[in-house]
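Colleague: What follows is start-v7.pdb, made up of PDB, C-alpha atoms:
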ATOM      1  CA  MET A   1      59.205  83.736 160.767
ATOM      2  CA  THR A   2      60.153  86.285 158.109
ATOM      3  CA  ILE A   3      57.789  87.854 155.588
ATOM      4  CA  HIS A   4      59.264  88.889 152.245
ATOM      5  CA  VAL A   5      57.212  91.183 149.991
ATOM      6  CA  PHE A   6      57.886  91.430 146.259
ATOM      7  CA  LYS A   7      56.663  93.490 143.335
ATOM      8  CA  THR A   8      56.131  91.075 140.417
ATOM      9  CA  SER A   9      55.063  90.954 136.786
ATOM     10  CA  VAL A  10      52.607  88.105 137.515
ATOM     11  CA  LYS A  11      49.226  89.363 136.301
ATOM     12  CA  ARG A  12      46.852  86.416 135.920
ATOM     13  CA  LYS A  13      45.566  83.570 138.049
ATOM     14  CA  SER A  14      46.770  81.162 135.366
ATOM     15  CA  GLU A  15      50.330  82.404 135.966
ATOM     16  CA  VAL A  16      49.936  81.910 139.705
ATOM     17  CA  LYS A  17      48.705  78.375 139.039
ATOM     18  CA  LYS A  18      51.790  77.754 136.892
ATOM     19  CA  LEU A  19      54.078  78.946 139.718
ATOM     20  CA  SER A  20      52.208  77.151 142.528
ATOM     21  CA  PRO A  21      54.042  73.793 142.446
ATOM     22  CA  THR A  22      57.434  75.496 142.462
ATOM     23  CA  LEU A  23      56.552  77.915 145.259
ATOM     24  CA  ASN A  24      54.991  75.111 147.299
ATOM     25  CA  LYS A  25      58.230  73.119 147.072
ATOM     26  CA  LEU A  26      60.305  76.178 147.893
ATOM     27  CA  VAL A  27      58.640  77.253 151.140
ATOM     28  CA  ASP A  28      59.213  75.177 154.236
ATOM     29  CA  LYS A  29      56.344  73.258 155.807
ATOM     30  CA  ASN A  30      55.532  76.097 158.208
ATOM     31  CA  GLY A  31      55.765  78.750 155.510
ATOM     32  CA  CYS A  32      53.216  80.071 153.072
ATOM     33  CA  TRP A  33      52.918  82.377 150.083
ATOM     34  CA  ASN A  34      50.230  84.342 148.256
ATOM     35  CA  PHE A  35      49.782  86.825 145.443
ATOM     36  CA  ASP A  36      47.699  89.996 145.570
ATOM     37  CA  LEU A  37      46.896  90.517 141.901
ATOM     38  CA  GLU A  38      44.512  93.364 142.710
ATOM     39  CA  ASP A  39      47.441  95.456 143.958
ATOM     40  CA  CYS A  40      49.068  97.596 141.243
ATOM     41  CA  ASP A  41      52.417  95.921 141.991
ATOM     42  CA  ASN A  42      51.023  92.352 141.794
ATOM     43  CA  ILE A  43      52.426  91.623 145.233
ATOM     44  CA  LEU A  44      53.887  88.272 146.234
ATOM     45  CA  ARG A  45      54.174  87.672 149.994
ATOM     46  CA  VAL A  46      56.276  84.784 151.229
ATOM     47  CA  GLU A  47      56.317  83.802 154.899
ATOM     48  CA  THR A  48      59.281  81.568 155.680
ATOM     49  CA  GLN A  49      61.796  80.610 158.317
ATOM     50  CA  SER A  50      64.657  79.726 156.014
ATOM     51  CA  LEU A  51      64.374  81.362 152.575
ATOM     52  CA  HIS A  52      66.204  84.518 151.617
ATOM     53  CA  ALA A  53      64.730  87.090 149.230
ATOM     54  CA  PRO A  54      67.335  86.628 146.447
ATOM     55  CA  VAL A  55      66.449  82.921 146.190
ATOM     56  CA  ILE A  56      62.771  83.755 145.674
ATOM     57  CA  SER A  57      63.510  86.550 143.170
ATOM     58  CA  SER A  58      65.851  84.305 141.212
ATOM     59  CA  LEU A  59      63.261  81.540 141.029
ATOM     60  CA  LEU A  60      60.606  83.824 139.537
ATOM     61  CA  GLU A  61      63.140  85.367 137.147
ATOM     62  CA  LYS A  62      64.051  81.871 135.893
ATOM     63  CA  LYS A  63      60.337  81.251 135.282
ATOM     64  CA  GLY A  64      60.148  84.411 133.161
ATOM     65  CA  PHE A  65      58.696  86.905 135.653
ATOM     66  CA  HIS A  66      60.088  90.135 137.070
ATOM     67  CA  CYS A  67      60.382  89.944 140.857
ATOM     68  CA  GLU A  68      61.769  92.746 143.039
ATOM     69  CA  GLU A  69      61.798  92.803 146.831
ATOM     70  CA  LEU A  70      60.081  95.800 148.393
ATOM     71  CA  HIS A  71      61.612  97.332 151.505
TER      72      HIS A  71
END
Would you kindly transcribe this structure into structure tokens?
Modeller:
Amino acid sequence: MTIHVFKTSVKRKSEVKKLSPTLNKLVDKNGCWNFDLEDCDNILRVETQSLHAPVISSLLEKKGFHCEELH
């Protein structure tokens, strides 16, 4: 299992709700994701066996949000 951590421009719970169906479809059945909107970088954590960071970043960018992997 790999954990990817991203800095995002997602700021509100309503935005997370909007992204939920897409993220749920994206992660495999053993994976999970969550946002930490209390963090100054509005962190998105994705735990997955098969997804690569650029796929996740691209998805959020297409939905209108900045998404940058943190190393």
Colleague: Pick from A:Leu60, A:Ile43, A:Leu51, A:Asn30: nearest to Phe6 in chain A, with all atoms listed in the file counted?
Modeller: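 Checking each of A:Leu60, A:Ile43, A:Leu51, A:Asn30 against Phe6 in chain A, counting all atoms listed in the file, the winner is A:Ile43.
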Colleague: List every protein, DNA or RNA residue that has an atom no more than 10 Å from (56.2, 76.2, 153.8) in the file's coordinate frame, counting only C-alpha atoms, and report them as a PyMOL selection string.
Modeller: chain A and resi 23-33+46-51
Colleague: Would you kindly return, as JSON, numbers by chain, each protein, DNA or RNA residue with an atom no farther than 8 Å from any atom of range 39-41 of chain A, considering all atoms listed in the file and excluding same-chain residues fewer than 3 positions away?
Modeller: {"A": [7, 8, 9, 36]}
Colleague: For a quick check of understanding, using all atoms listed in the file, which of A:His52, A:Lys63, A:His4, A:Arg45 has the smallest distance to Leu19 in chain A?
Modeller: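 The shortest atom-to-atom distance to Leu19 in chain A comes from A:Lys63.
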Colleague: Got a sec: who's within 6 Å of Val5 in chain A, counting all atoms listed in the file, leaving out chain neighbours fewer than 5 positions off, as JSON, numbers by chain?
Modeller: {"A": [44, 45, 69, 70]}
Colleague: Would you please work out which residue, of A:Val10, A:Ala53, A:Met1, A:Leu59, is nearest to Glu38 in chain A when using only C-alpha atoms?
Modeller: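 When distances to Glu38 in chain A are compared using only C-alpha atoms, the smallest one comes from A:Val10.
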Colleague: Would you compute the distance between CA of Lys62 in chain A and CA of Lys11 in chain A? Give it in Å to one decimal.
Modeller: 16.6 Å
Colleague: Excluding range 13-17 of chain A and its own-chain neighbours fewer than 6 positions away, which residues fall within 9 Å of it when counting all atoms listed in the file? Please give them as a compact mmCIF listing (two decimals) with C-alpha atoms, in the coordinates of the input.
Modeller:
# COMPACT_ATOMS: atom_id res chain seq x y z
CA ASN A 34 50.23 84.34 148.26
CA PHE A 35 49.78 86.82 145.44
CA LEU A 37 46.90 90.52 141.90
Colleague: Rounded to one decimal, what separation in Å do you get between CA of His71 in chain A and CA of Ser57 in chain A?
Modeller: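 Taking CA of His71 in chain A as the start and CA of Ser57 in chain A as the end point, the length is 13.8 Å.
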Colleague: Taking all atoms of range 13-19 of chain A that the file lists, what box with edges along x, y and z, padded by 4 Å per side, do you get, with centre and edge lengths in Å to one decimal, as AutoDock Vina command-line options?
Modeller:
--center_x 49.8 --center_y 80.7 --center_z 137.5 --size_x 16.5 --size_y 13.8 --size_z 12.4
Colleague: Taking the partial coordinates given, rebuild range 5-16 of chain A to contain all heavy atoms; return it as a compact mmCIF listing (two decimals), keeping the file's coordinate frame.
Modeller:
# COMPACT_ATOMS: atom_id res chain seq x y z
N VAL A 5 58.23 90.61 150.86
CA VAL A 5 57.21 91.18 149.99
C VAL A 5 57.89 91.61 148.69
O VAL A 5 58.91 92.30 148.71
CB VAL A 5 56.53 92.40 150.66
CG1 VAL A 5 55.47 92.99 149.74
CG2 VAL A 5 55.91 92.00 151.99
N PHE A 6 57.30 91.18 147.57
CA PHE A 6 57.89 91.43 146.26
C PHE A 6 56.89 92.08 145.32
O PHE A 6 55.71 91.73 145.31
CB PHE A 6 58.32 90.11 145.61
CG PHE A 6 59.30 89.33 146.40
CD1 PHE A 6 58.86 88.39 147.33
CD2 PHE A 6 60.66 89.50 146.24
CE1 PHE A 6 59.76 87.64 148.07
CE2 PHE A 6 61.57 88.77 146.97
CZ PHE A 6 61.12 87.84 147.90
N LYS A 7 57.40 92.97 144.48
CA LYS A 7 56.66 93.49 143.34
C LYS A 7 56.96 92.52 142.20
O LYS A 7 58.11 92.18 141.96
CB LYS A 7 57.18 94.88 143.00
CG LYS A 7 56.61 95.48 141.75
CD LYS A 7 57.24 96.85 141.51
CE LYS A 7 56.69 97.47 140.25
NZ LYS A 7 57.23 98.83 140.05
N THR A 8 55.92 92.06 141.48
CA THR A 8 56.13 91.08 140.42
C THR A 8 55.43 91.49 139.13
O THR A 8 54.60 92.41 139.12
CB THR A 8 55.59 89.68 140.83
OG1 THR A 8 54.17 89.68 140.76
CG2 THR A 8 56.07 89.27 142.21
N SER A 9 55.75 90.75 138.07
CA SER A 9 55.06 90.95 136.79
C SER A 9 53.98 89.90 136.57
O SER A 9 53.41 89.81 135.49
CB SER A 9 56.07 90.91 135.63
OG SER A 9 56.68 89.64 135.55
N VAL A 10 53.67 89.11 137.60
CA VAL A 10 52.61 88.10 137.51
C VAL A 10 51.27 88.85 137.49
O VAL A 10 51.00 89.65 138.37
CB VAL A 10 52.67 87.14 138.72
CG1 VAL A 10 51.51 86.16 138.69
CG2 VAL A 10 54.00 86.40 138.73
N LYS A 11 50.46 88.60 136.46
CA LYS A 11 49.23 89.36 136.30
C LYS A 11 47.94 88.53 136.34
O LYS A 11 46.88 89.04 136.60
CB LYS A 11 49.27 90.14 134.99
CG LYS A 11 50.30 91.26 134.99
CD LYS A 11 50.24 92.01 133.69
CE LYS A 11 51.09 93.24 133.65
NZ LYS A 11 52.45 93.14 134.09
N ARG A 12 48.06 87.24 136.05
CA ARG A 12 46.85 86.42 135.92
C ARG A 12 46.88 85.21 136.86
O ARG A 12 47.94 84.70 137.21
CB ARG A 12 46.72 85.93 134.48
CG ARG A 12 46.46 87.04 133.49
CD ARG A 12 46.29 86.53 132.07
NE ARG A 12 47.54 86.20 131.41
CZ ARG A 12 48.40 87.07 130.92
NH1 ARG A 12 48.16 88.36 131.03
NH2 ARG A 12 49.50 86.67 130.32
N LYS A 13 45.69 84.76 137.20
CA LYS A 13 45.57 83.57 138.05
C LYS A 13 46.21 82.36 137.39
O LYS A 13 46.76 81.50 138.07
CB LYS A 13 44.10 83.29 138.37
CG LYS A 13 43.50 84.29 139.32
CD LYS A 13 42.06 83.95 139.65
CE LYS A 13 41.47 84.99 140.58
NZ LYS A 13 40.09 84.71 140.93
N SER A 14 46.16 82.30 136.07
CA SER A 14 46.77 81.16 135.37
C SER A 14 48.29 81.15 135.58
O SER A 14 48.90 80.08 135.65
CB SER A 14 46.44 81.21 133.88
OG SER A 14 46.95 82.38 133.28
N GLU A 15 48.89 82.32 135.70
CA GLU A 15 50.33 82.40 135.97
C GLU A 15 50.64 81.97 137.39
O GLU A 15 51.64 81.29 137.64
CB GLU A 15 50.84 83.83 135.71
CG GLU A 15 50.74 84.23 134.25
CD GLU A 15 51.01 85.70 133.99
OE1 GLU A 15 50.78 86.53 134.90
OE2 GLU A 15 51.46 86.01 132.88
N VAL A 16 49.77 82.35 138.32
CA VAL A 16 49.94 81.91 139.71
C VAL A 16 49.84 80.39 139.78
O VAL A 16 50.66 79.73 140.44
CB VAL A 16 48.87 82.56 140.63
CG1 VAL A 16 48.94 81.97 142.03
CG2 VAL A 16 49.05 84.07 140.67
